[in-house]
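To be precise, the following lines are entry_33.cif, and they hold mmCIF, C-alpha atoms.
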data_coords
loop_
_atom_site.group_PDB
_atom_site.id
_atom_site.type_symbol
_atom_site.label_atom_id
_atom_site.label_comp_id
_atom_site.auth_asym_id
_atom_site.auth_seq_id
_atom_site.Cartn_x
_atom_site.Cartn_y
_atom_site.Cartn_z
ATOM 1 C CA MET A 1 0.000 0.000 0.000
ATOM 2 C CA LEU A 2 2.817 2.381 0.847
ATOM 3 C CA LEU A 3 4.524 1.902 -2.514
ATOM 4 C CA ALA A 4 1.261 2.544 -4.347
ATOM 5 C CA GLN A 5 0.423 5.797 -2.547
ATOM 6 C CA PRO A 6 1.670 9.216 -3.694
ATOM 7 C CA ALA A 7 3.973 10.708 -1.079
ATOM 8 C CA GLY A 8 6.364 12.840 -3.102
ATOM 9 C CA ILE A 9 9.317 10.572 -2.385
ATOM 10 C CA SER A 10 11.021 7.692 -4.168
ATOM 11 C CA TRP A 11 11.170 4.798 -1.731
ATOM 12 C CA LYS A 12 14.149 3.447 -3.696
ATOM 13 C CA VAL A 13 16.477 5.955 -2.048
ATOM 14 C CA MET A 14 16.031 4.289 1.353
ATOM 15 C CA PRO A 15 18.074 3.759 3.366
ATOM 16 C CA THR A 16 20.806 4.633 0.817
ATOM 17 C CA LEU A 17 20.995 5.051 -2.948
ATOM 18 C CA THR A 18 23.013 1.827 -3.268
ATOM 19 C CA ALA A 19 20.931 -0.378 -0.937
ATOM 20 C CA ASP A 20 19.824 -3.731 -2.344
ATOM 21 C CA ALA A 21 16.173 -4.830 -2.535
ATOM 22 C CA SER A 22 16.214 -6.766 0.747
ATOM 23 C CA SER A 23 17.670 -3.803 2.634
ATOM 24 C CA GLN A 24 15.076 -1.492 1.107
ATOM 25 C CA LEU A 25 12.237 -3.856 2.099
ATOM 26 C CA ALA A 26 13.552 -4.142 5.649
ATOM 27 C CA GLN A 27 13.717 -0.349 5.905
ATOM 28 C CA LEU A 28 10.199 0.023 4.478
ATOM 29 C CA ARG A 29 8.849 -2.366 7.130
ATOM 30 C CA GLN A 30 10.503 -0.277 9.823
ATOM 31 C CA VAL A 31 9.061 2.893 8.310
ATOM 32 C CA CYS A 32 5.568 1.363 8.283
ATOM 33 C CA TRP A 33 5.804 0.349 11.948
ATOM 34 C CA SER A 34 7.064 3.784 12.941
ATOM 35 C CA ALA A 35 4.411 5.600 10.904
ATOM 36 C CA THR A 36 1.626 3.481 12.397
ATOM 37 C CA ALA A 37 2.924 4.199 15.893
ATOM 38 C CA ALA A 38 3.085 7.906 15.096
ATOM 39 C CA VAL A 39 -0.539 7.961 13.870
ATOM 40 C CA ASP A 40 -1.848 6.001 16.879
ATOM 41 C CA THR A 41 0.160 8.133 19.301
ATOM 42 C CA TYR A 42 -1.166 11.369 17.828
ATOM 43 C CA CYS A 43 -4.752 10.045 17.916
ATOM 44 C CA ARG A 44 -4.199 8.642 21.452
ATOM 45 C CA GLN A 45 -5.694 5.280 20.464
ATOM 46 C CA PRO A 46 -5.278 2.619 17.784
ATOM 47 C CA LEU A 47 -7.413 3.408 14.746
ATOM 48 C CA ARG A 48 -7.287 -0.196 13.553
ATOM 49 C CA ALA A 49 -10.190 -2.243 14.980
ATOM 50 C CA THR A 50 -9.309 -3.362 18.512
ATOM 51 C CA VAL A 51 -11.227 -5.198 21.240
ATOM 52 C CA VAL A 52 -10.878 -3.277 24.523
ATOM 53 C CA THR A 53 -11.908 -4.176 28.076
ATOM 54 C CA GLU A 54 -11.729 -1.453 30.712
ATOM 55 C CA THR A 55 -13.106 -0.680 34.166
ATOM 56 C CA GLN A 56 -14.495 2.662 35.347
ATOM 57 C CA ALA A 57 -15.821 3.835 38.740
ATOM 58 C CA GLY A 58 -19.044 5.766 39.279
ATOM 59 C CA PRO A 59 -21.477 7.357 39.419
ATOM 60 C CA GLY A 60 -20.151 10.802 40.110
ATOM 61 C CA GLY A 61 -16.921 10.529 38.143
ATOM 62 C CA SER A 62 -16.148 11.964 34.761
ATOM 63 C CA ARG A 63 -16.870 8.733 32.889
ATOM 64 C CA VAL A 64 -19.780 7.048 34.712
ATOM 65 C CA SER A 65 -23.003 8.931 35.425
ATOM 66 C CA VAL A 66 -26.726 8.451 35.978
ATOM 67 C CA ASP A 67 -29.352 10.657 34.344
ATOM 68 C CA ARG A 68 -31.576 11.984 37.121
ATOM 69 C CA HIS A 69 -34.643 12.023 34.853
ATOM 70 C CA THR A 70 -34.435 8.695 33.005
ATOM 71 C CA ARG A 71 -32.274 6.881 35.621
ATOM 72 C CA MET A 72 -30.244 5.495 32.730
ATOM 73 C CA GLY A 73 -26.552 4.952 33.335
ATOM 74 C CA SER A 74 -23.933 6.204 30.889
ATOM 75 C CA VAL A 75 -20.328 5.082 30.539
ATOM 76 C CA VAL A 76 -17.860 7.128 28.506
ATOM 77 C CA ALA A 77 -15.276 4.752 27.054
ATOM 78 C CA ARG A 78 -11.650 5.831 26.918
ATOM 79 C CA ASN A 79 -11.513 5.220 23.156
ATOM 80 C CA ARG A 80 -13.557 6.896 20.438
ATOM 81 C CA HIS A 81 -14.983 5.425 17.231
ATOM 82 C CA LEU A 82 -16.806 2.499 18.892
ATOM 83 C CA SER A 83 -18.536 0.050 16.548
ATOM 84 C CA ASP A 84 -19.800 -2.674 18.947
ATOM 85 C CA VAL A 85 -20.337 -3.199 22.672
ATOM 86 C CA TRP A 86 -19.932 -6.818 23.706
ATOM 87 C CA ALA A 87 -20.436 -6.850 27.465
ATOM 88 C CA VAL A 88 -21.183 -4.618 30.458
ATOM 89 C CA LEU A 89 -20.668 -5.878 34.025
ATOM 90 C CA VAL A 90 -21.126 -4.166 37.394
ATOM 91 C CA SER A 91 -19.751 -4.838 40.867
ATOM 92 C CA SER A 92 -19.865 -2.996 44.179
ATOM 93 C CA ALA A 93 -16.681 -0.947 44.468
ATOM 94 C CA ARG A 94 -16.451 -2.033 48.131
ATOM 95 C CA THR A 95 -16.201 -5.732 47.256
ATOM 96 C CA PHE A 96 -12.696 -7.257 47.072
ATOM 97 C CA PRO A 97 -12.230 -9.134 44.858
ATOM 98 C CA ALA A 98 -14.981 -7.827 42.617
ATOM 99 C CA VAL A 99 -18.114 -9.939 42.179
ATOM 100 C CA TRP A 100 -19.303 -9.146 38.684
ATOM 101 C CA SER A 101 -22.947 -9.156 37.599
ATOM 102 C CA PRO A 102 -23.430 -9.132 33.833
ATOM 103 C CA VAL A 103 -25.903 -6.658 32.384
ATOM 104 C CA PRO A 104 -28.122 -8.737 30.054
ATOM 105 C CA THR A 105 -27.898 -8.244 26.313
ATOM 106 C CA GLY A 106 -30.507 -5.689 25.314
ATOM 107 C CA GLN A 107 -29.993 -3.704 28.512
ATOM 108 C CA PHE A 108 -27.068 -1.715 27.100
ATOM 109 C CA ARG A 109 -26.426 -0.008 23.784
ATOM 110 C CA LEU A 110 -23.916 2.096 21.937
ATOM 111 C CA ARG A 111 -25.232 5.624 21.551
ATOM 112 C CA ALA A 112 -23.442 6.517 18.287
ATOM 113 C CA PRO A 113 -21.718 3.609 16.498
ATOM 114 C CA VAL A 114 -19.234 3.930 13.665
ATOM 115 C CA VAL A 115 -21.022 4.239 10.335
ATOM 116 C CA PHE A 116 -19.788 1.783 7.712
ATOM 117 C CA SER A 117 -21.302 3.236 4.541
ATOM 118 C CA GLY A 118 -20.750 1.909 1.064
ATOM 119 C CA PRO A 119 -19.517 1.392 -1.527
ATOM 120 C CA GLY A 120 -16.168 1.925 0.196
ATOM 121 C CA PRO A 121 -14.620 3.392 3.332
ATOM 122 C CA ALA A 122 -15.586 6.865 4.513
ATOM 123 C CA THR A 123 -13.151 9.769 4.479
ATOM 124 C CA GLY A 124 -14.065 11.313 7.825
ATOM 125 C CA PRO A 125 -14.576 10.024 11.366
ATOM 126 C CA SER A 126 -17.753 8.618 12.897
ATOM 127 C CA GLY A 127 -18.666 6.789 16.056
ATOM 128 C CA GLY A 128 -18.850 8.112 19.582
ATOM 129 C CA SER A 129 -17.692 6.772 22.944
ATOM 130 C CA VAL A 130 -20.860 6.668 25.102
ATOM 131 C CA ILE A 131 -22.445 3.391 26.220
ATOM 132 C CA ASP A 132 -25.972 3.670 27.681
ATOM 133 C CA VAL A 133 -27.101 1.204 30.357
ATOM 134 C CA ALA A 134 -30.736 0.495 31.295
ATOM 135 C CA PRO A 135 -32.067 1.942 34.582
ATOM 136 C CA GLY A 136 -31.315 0.005 37.756
ATOM 137 C CA TRP A 137 -27.840 -1.277 36.972
ATOM 138 C CA ILE A 138 -25.884 1.831 37.904
ATOM 139 C CA ASP A 139 -27.450 4.026 40.598
ATOM 140 C CA GLY A 140 -26.761 5.984 43.758
ATOM 141 C CA ARG A 141 -27.408 3.186 46.272
ATOM 142 C CA GLN A 142 -23.688 2.604 46.745
ATOM 143 C CA GLY A 143 -22.885 6.322 46.964
ATOM 144 C CA ARG A 144 -20.491 8.324 44.855
ATOM 145 C CA GLY A 145 -18.083 5.988 43.038
ATOM 146 C CA GLY A 146 -19.869 3.009 44.563
ATOM 147 C CA TRP A 147 -19.919 0.890 41.409
ATOM 148 C CA GLN A 148 -17.199 -0.631 39.289
ATOM 149 C CA VAL A 149 -18.354 -0.889 35.670
ATOM 150 C CA GLN A 150 -16.500 -3.156 33.245
ATOM 151 C CA THR A 151 -17.142 -2.626 29.537
ATOM 152 C CA SER A 152 -15.856 -4.572 26.543
ATOM 153 C CA TYR A 153 -16.142 -3.037 23.094
ATOM 154 C CA THR A 154 -14.600 -2.774 19.649
ATOM 155 C CA SER A 155 -13.204 0.588 18.576
ATOM 156 C CA GLY A 156 -11.690 1.616 15.253
ATOM 157 C CA TRP A 157 -11.966 0.286 11.719
ATOM 158 C CA PRO A 158 -11.244 -3.251 10.408
ATOM 159 C CA HIS A 159 -7.911 -3.596 8.636
ATOM 160 C CA ALA A 160 -6.293 -6.881 7.613
ATOM 161 C CA ALA A 161 -4.232 -8.742 5.037
ATOM 162 C CA ILE A 162 -5.414 -11.686 2.947
ATOM 163 C CA THR A 163 -3.571 -14.856 4.024
ATOM 164 C CA ALA A 164 -4.565 -17.207 1.173
ATOM 165 C CA PRO A 165 -5.263 -16.589 -2.523
ATOM 166 C CA ALA A 166 -8.868 -15.517 -3.163
ATOM 167 C CA ALA A 167 -10.447 -16.128 -6.564
ATOM 168 C CA ALA A 168 -13.022 -13.979 -8.324
ATOM 169 C CA GLY A 169 -16.487 -15.164 -7.311
ATOM 170 C CA ALA A 170 -15.440 -16.146 -3.772
ATOM 171 C CA MET A 171 -17.882 -15.323 -0.970
ATOM 172 C CA SER A 172 -15.266 -15.390 1.791
ATOM 173 C CA ILE A 173 -11.603 -14.493 2.319
ATOM 174 C CA SER A 174 -9.007 -15.687 4.815
ATOM 175 C CA VAL A 175 -7.361 -12.800 6.697
ATOM 176 C CA ASP A 176 -4.890 -12.253 9.527
ATOM 177 C CA ASP A 177 -7.398 -10.302 11.655
ATOM 178 C CA VAL A 178 -11.210 -10.534 11.628
ATOM 179 C CA THR A 179 -11.684 -7.928 14.378
ATOM 180 C CA GLY A 180 -14.547 -5.584 13.550
ATOM 181 C CA TRP A 181 -15.581 -7.196 10.261
ATOM 182 C CA GLY A 182 -19.299 -7.704 9.719
ATOM 183 C CA GLY A 183 -21.010 -6.176 12.727
ATOM 184 C CA ALA A 184 -24.706 -5.397 12.950
ATOM 185 C CA HIS A 185 -24.862 -3.492 9.645
ATOM 186 C CA GLY A 186 -22.018 -5.029 7.644
ATOM 187 C CA THR A 187 -18.739 -3.374 6.735
ATOM 188 C CA ALA A 188 -17.910 -1.472 3.565
ATOM 189 C CA ALA A 189 -14.216 -1.617 2.658
ATOM 190 C CA PHE A 190 -11.682 -1.771 -0.147
ATOM 191 C CA CYS A 191 -9.399 -4.585 -1.164
ATOM 192 C CA TYR A 192 -6.242 -2.629 -2.065
ATOM 193 C CA ASP A 193 -4.527 -4.619 -4.800
ATOM 194 C CA GLY A 194 -3.166 -2.338 -7.526
ATOM 195 C CA ALA A 195 -5.141 -2.568 -10.748
ATOM 196 C CA ALA A 196 -7.344 -5.231 -9.125
ATOM 197 C CA THR A 197 -8.471 -2.920 -6.285
ATOM 198 C CA GLU A 198 -12.200 -3.290 -5.616
ATOM 199 C CA SER A 199 -14.827 -2.433 -3.035
ATOM 200 C CA ILE A 200 -16.084 -5.226 -0.798
ATOM 201 C CA ALA A 201 -18.878 -5.614 1.744
ATOM 202 C CA ALA A 202 -18.334 -7.901 4.734
ATOM 203 C CA SER A 203 -21.389 -9.529 6.284
ATOM 204 C CA GLY A 204 -19.697 -11.424 9.124
ATOM 205 C CA ALA A 205 -16.525 -13.029 10.407
ATOM 206 C CA ILE A 206 -15.416 -16.277 12.025
ATOM 207 C CA ALA A 207 -12.171 -16.332 14.005
ATOM 208 C CA THR A 208 -9.948 -19.385 14.177
ATOM 209 C CA ALA A 209 -9.718 -18.874 17.954
ATOM 210 C CA PRO A 210 -12.255 -16.314 19.270
ATOM 211 C CA ILE A 211 -11.211 -14.416 22.391
ATOM 212 C CA VAL A 212 -13.229 -14.818 25.597
ATOM 213 C CA LEU A 213 -13.829 -11.539 27.406
ATOM 214 C CA PRO A 214 -12.625 -11.207 31.032
ATOM 215 C CA ASN A 215 -15.111 -12.307 33.724
ATOM 216 C CA THR A 216 -17.559 -13.559 31.066
ATOM 217 C CA THR A 217 -18.238 -16.485 28.791
ATOM 218 C CA THR A 218 -18.752 -14.123 25.845
ATOM 219 C CA ALA A 219 -16.561 -14.925 22.847
ATOM 220 C CA VAL A 220 -15.663 -12.205 20.356
ATOM 221 C CA GLN A 221 -14.460 -12.830 16.813
ATOM 222 C CA ALA A 222 -10.899 -11.491 16.732
ATOM 223 C CA GLY A 223 -7.534 -12.623 15.399
ATOM 224 C CA PRO A 224 -6.942 -14.729 12.267
ATOM 225 C CA GLY A 225 -9.972 -16.217 10.548
ATOM 226 C CA THR A 226 -12.444 -15.856 7.702
ATOM 227 C CA VAL A 227 -14.408 -12.794 6.582
ATOM 228 C CA GLN A 228 -17.729 -13.543 4.937
ATOM 229 C CA LEU A 229 -18.770 -11.329 2.024
ATOM 230 C CA ALA A 230 -22.185 -9.973 1.096
ATOM 231 C CA GLN A 231 -21.230 -10.013 -2.597
ATOM 232 C CA PRO A 232 -18.724 -12.161 -4.504
ATOM 233 C CA LEU A 233 -15.269 -10.871 -5.348
ATOM 234 C CA SER A 234 -14.957 -9.522 -8.876
ATOM 235 C CA GLN A 235 -11.155 -9.937 -9.055
ATOM 236 C CA ASP A 236 -8.509 -12.504 -8.126
ATOM 237 C CA HIS A 237 -6.329 -11.523 -5.162
ATOM 238 C CA ALA A 238 -3.059 -13.033 -3.985
ATOM 239 C CA ALA A 239 -2.074 -13.484 -0.364
ATOM 240 C CA GLY A 240 -0.790 -10.232 1.086
ATOM 241 C CA ALA A 241 -3.393 -7.922 -0.446
ATOM 242 C CA VAL A 242 -4.831 -5.531 2.133
ATOM 243 C CA VAL A 243 -8.545 -5.319 2.935
ATOM 244 C CA SER A 244 -9.384 -2.239 4.963
ATOM 245 C CA ALA A 245 -12.290 -0.114 6.147
ATOM 246 C CA LEU A 246 -9.963 2.570 7.498
ATOM 247 C CA PRO A 247 -11.054 6.012 6.302
ATOM 248 C CA VAL A 248 -9.078 7.106 3.260
ATOM 249 C CA ASN A 249 -7.812 10.191 5.102
ATOM 250 C CA VAL A 250 -6.234 7.991 7.782
ATOM 251 C CA ILE A 251 -4.430 5.897 5.182
ATOM 252 C CA HIS A 252 -3.164 9.040 3.440
ATOM 253 C CA ALA A 253 -1.980 10.447 6.778
ATOM 254 C CA ALA A 254 -0.110 7.206 7.487
ATOM 255 C CA VAL A 255 1.623 7.411 4.091
ATOM 256 C CA LEU A 256 2.716 10.988 4.752
ATOM 257 C CA ALA A 257 3.879 9.984 8.244
ATOM 258 C CA ALA A 258 5.925 7.240 6.576
ATOM 259 C CA ALA A 259 7.492 9.834 4.293
ATOM 260 C CA VAL A 260 8.460 11.878 7.345
ATOM 261 C CA GLU A 261 10.036 8.804 8.962
ATOM 262 C CA ALA A 262 11.885 7.978 5.749
ATOM 263 C CA LEU A 263 13.214 11.475 5.176
ATOM 264 C CA GLU A 264 14.521 11.659 8.723
ATOM 265 C CA GLY A 265 16.307 8.337 8.333
ATOM 266 C CA ILE A 266 17.969 8.415 4.906
ATOM 267 C CA ASP A 267 21.586 9.436 4.469
ATOM 268 C CA ALA A 268 22.769 12.835 3.246
ATOM 269 C CA ILE A 269 23.632 11.641 -0.266
ATOM 270 C CA ALA A 270 20.149 10.198 -0.770
ATOM 271 C CA ALA A 271 18.609 13.409 0.586
ATOM 272 C CA GLN A 272 20.445 15.387 -2.071
ATOM 273 C CA SER A 273 18.568 13.444 -4.749
ATOM 274 C CA LEU A 274 15.301 14.941 -3.532
ATOM 275 C CA SER A 275 14.041 18.287 -4.690
ATOM 276 C CA GLY A 276 11.862 21.145 -3.533
ATOM 277 C CA GLN A 277 9.939 20.956 -0.291
ATOM 278 C CA LEU A 278 11.011 17.398 0.562
ATOM 279 C CA ALA A 279 14.686 18.279 0.410
ATOM 280 C CA GLY A 280 14.037 21.293 2.624
ATOM 281 C CA GLY A 281 12.624 19.385 5.595
ATOM 282 C CA THR A 282 9.694 17.448 6.986
ATOM 283 C CA GLY A 283 7.805 20.181 8.860
ATOM 284 C CA ALA A 284 5.136 20.759 6.201
ATOM 285 C CA LEU A 285 4.479 17.023 5.823
ATOM 286 C CA ALA A 286 4.179 16.563 9.596
ATOM 287 C CA THR A 287 1.703 19.449 9.768
ATOM 288 C CA GLU A 288 -0.419 17.907 7.012
ATOM 289 C CA VAL A 289 -0.458 14.572 8.883
ATOM 290 C CA GLU A 290 -1.828 16.298 11.987
ATOM 291 C CA MET A 291 -4.445 18.206 9.977
ATOM 292 C CA LEU A 292 -5.728 14.966 8.428
ATOM 293 C CA LEU A 293 -5.890 13.246 11.815
ATOM 294 C CA ASP A 294 -7.258 16.033 14.021
ATOM 295 C CA ASP A 295 -10.876 14.892 13.690
ATOM 296 C CA PHE A 296 -9.928 11.325 14.644
ATOM 297 C CA ARG A 297 -8.037 12.315 17.792
ATOM 298 C CA ARG A 298 -9.262 11.120 21.186
ATOM 299 C CA VAL A 299 -9.909 14.014 23.551
ATOM 300 C CA GLY A 300 -9.442 13.508 27.289
#
structure tokens encoding of this file:
Amino acid sequence: MLLAQPAGISWKVMPTLTADASSQLAQLRQVCWSATAAVDTYCRQPLRATVVTETQAGPGGSRVSVDRHTRMGSVVARNRHLSDVWAVLVSSARTFPAVWSPVPTGQFRLRAPVVFSGPGPATGPSGGSVIDVAPGWIDGRQGRGGWQVQTSYTSGWPHAAITAPAAAGAMSISVDDVTGWGGAHGTAAFCYDGAATESIAASGAIATAPIVLPNTTTAVQAGPGTVQLAQPLSQDHAAGAVVSALPVNVIHAAVLAAAVEALEGIDAIAAQSLSGQLAGGTGALATEVEMLLDDFRRVG
């Protein structure tokens, strides 16, 4: 994906003008890791789909409250861009160790889930961080901060690589991470594969080894597995092709962040082969990365 994206830099000058192909590939991998870390650090959370379990105290704190009119509880997750809530559990904060009571399915909901619209990924952010809980589960009986509330959710956008060749007409693909694929309303994404790039729609996912959430028997589809498609593939795809629902702006920001990492790591002779703004420094590129990511950044 990095090689196919415009970034104003020739990746062949890394790490030196005379580096062989294996050295260039090794450096590109390092650049990709560093750029991903830079994007996630700036946004204060991973933007790739991730299953998160966290515990908050309330009511009365900044993240757990009770509406005095409806008596509904609300939990503000630490991450933004939530797409699914898998479990909510409560325990008296005075009980050691905690004795967790699961809130039944249907008694909690995500207020503003990520919108996966078609025919491909969105450009801007969506999805909030508030989980509503039915009246009676979180209240003032225990006093301020009297409840511990454990929530498990998926935040971010699905992003994976195909692990086995997929032929045109296939209704499923094997990937290295099924986290977030499918969901209640399906997932619109792209398969990024050069001239064979196409839009796809995922209808579900089955993990090879689903993860069981802490203090529950609830299993969530995450890790390697199979993504089921709502429509057949129109192109053949080799292993290694990327399937992603990440907003296009995030991918572009990651490419520019990679260019910043590359420019700060190449030698002086290679830098001399660049022209214009790139040869003059990385400040403008870094600023553009932040501008693209500002709306995706977690606040507080």
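What separates CA of Ala87 in chain A from CA of Ala207 in chain A is a distance of 18.4 Å.
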Quiz item: So what does the PyMOL selection byres ((chain A and resi 2) around 9) actually pick up in this one, as a ChimeraX atom specification?
Solution: /A:1,3-7,28,32,254-255,258
Quiz item: Taking into account all atoms listed in the file, which residue in the set A:Ser92, A:Ser155, A:Ser74, A:Ser10 is nearest to Phe296 in chain A?
Solution: A:Ser155
Quiz prompt | Closest of A:Arg297, A:Val248, A:Val75, A:Ala202 to Gly124 in chain A - atom-to-atom distances counting only C-alpha atoms | solution = A:Val248
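Shortest atom-to-atom contact with Pro158 in chain A among A:Ile211, A:Val66, A:Ile131, A:Ala49: A:Ala49, counting only C-alpha atoms.
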Practice problem: Could you list the residues chosen by the PyMOL selection byres ((chain A and resi 67) around 12) in this structure as a list in words? | Solution: Pro59, Gly60, Val64, Ser65, Val66, Arg68, His69, Thr70, Arg71, Met72, Gly73, Ser74, Val75, Asp132, Val133, Ala134, Pro135, Gly136, Ile138, Asp139 and Gly140 of chain A
Quiz prompt | Picked residues, the PyMOL selection byres ((chain A and resi 242) around 8), as a ChimeraX atom specification | solution = /A:1,159-162,191-193,240-241,243-244
Self-check item: Spatial neighbours of Gln235 in chain A, 10 Å, all atoms listed in the file, chain gap at least 5 places, as an MDAnalysis selection string
Solution: chainID A and resid 166:170 191 193 195:198
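Residue nearest Ser152 in chain A, chosen from A:Ala245, A:Ala219, A:Val13, A:Val85 and counting all atoms listed in the file: A:Val85.
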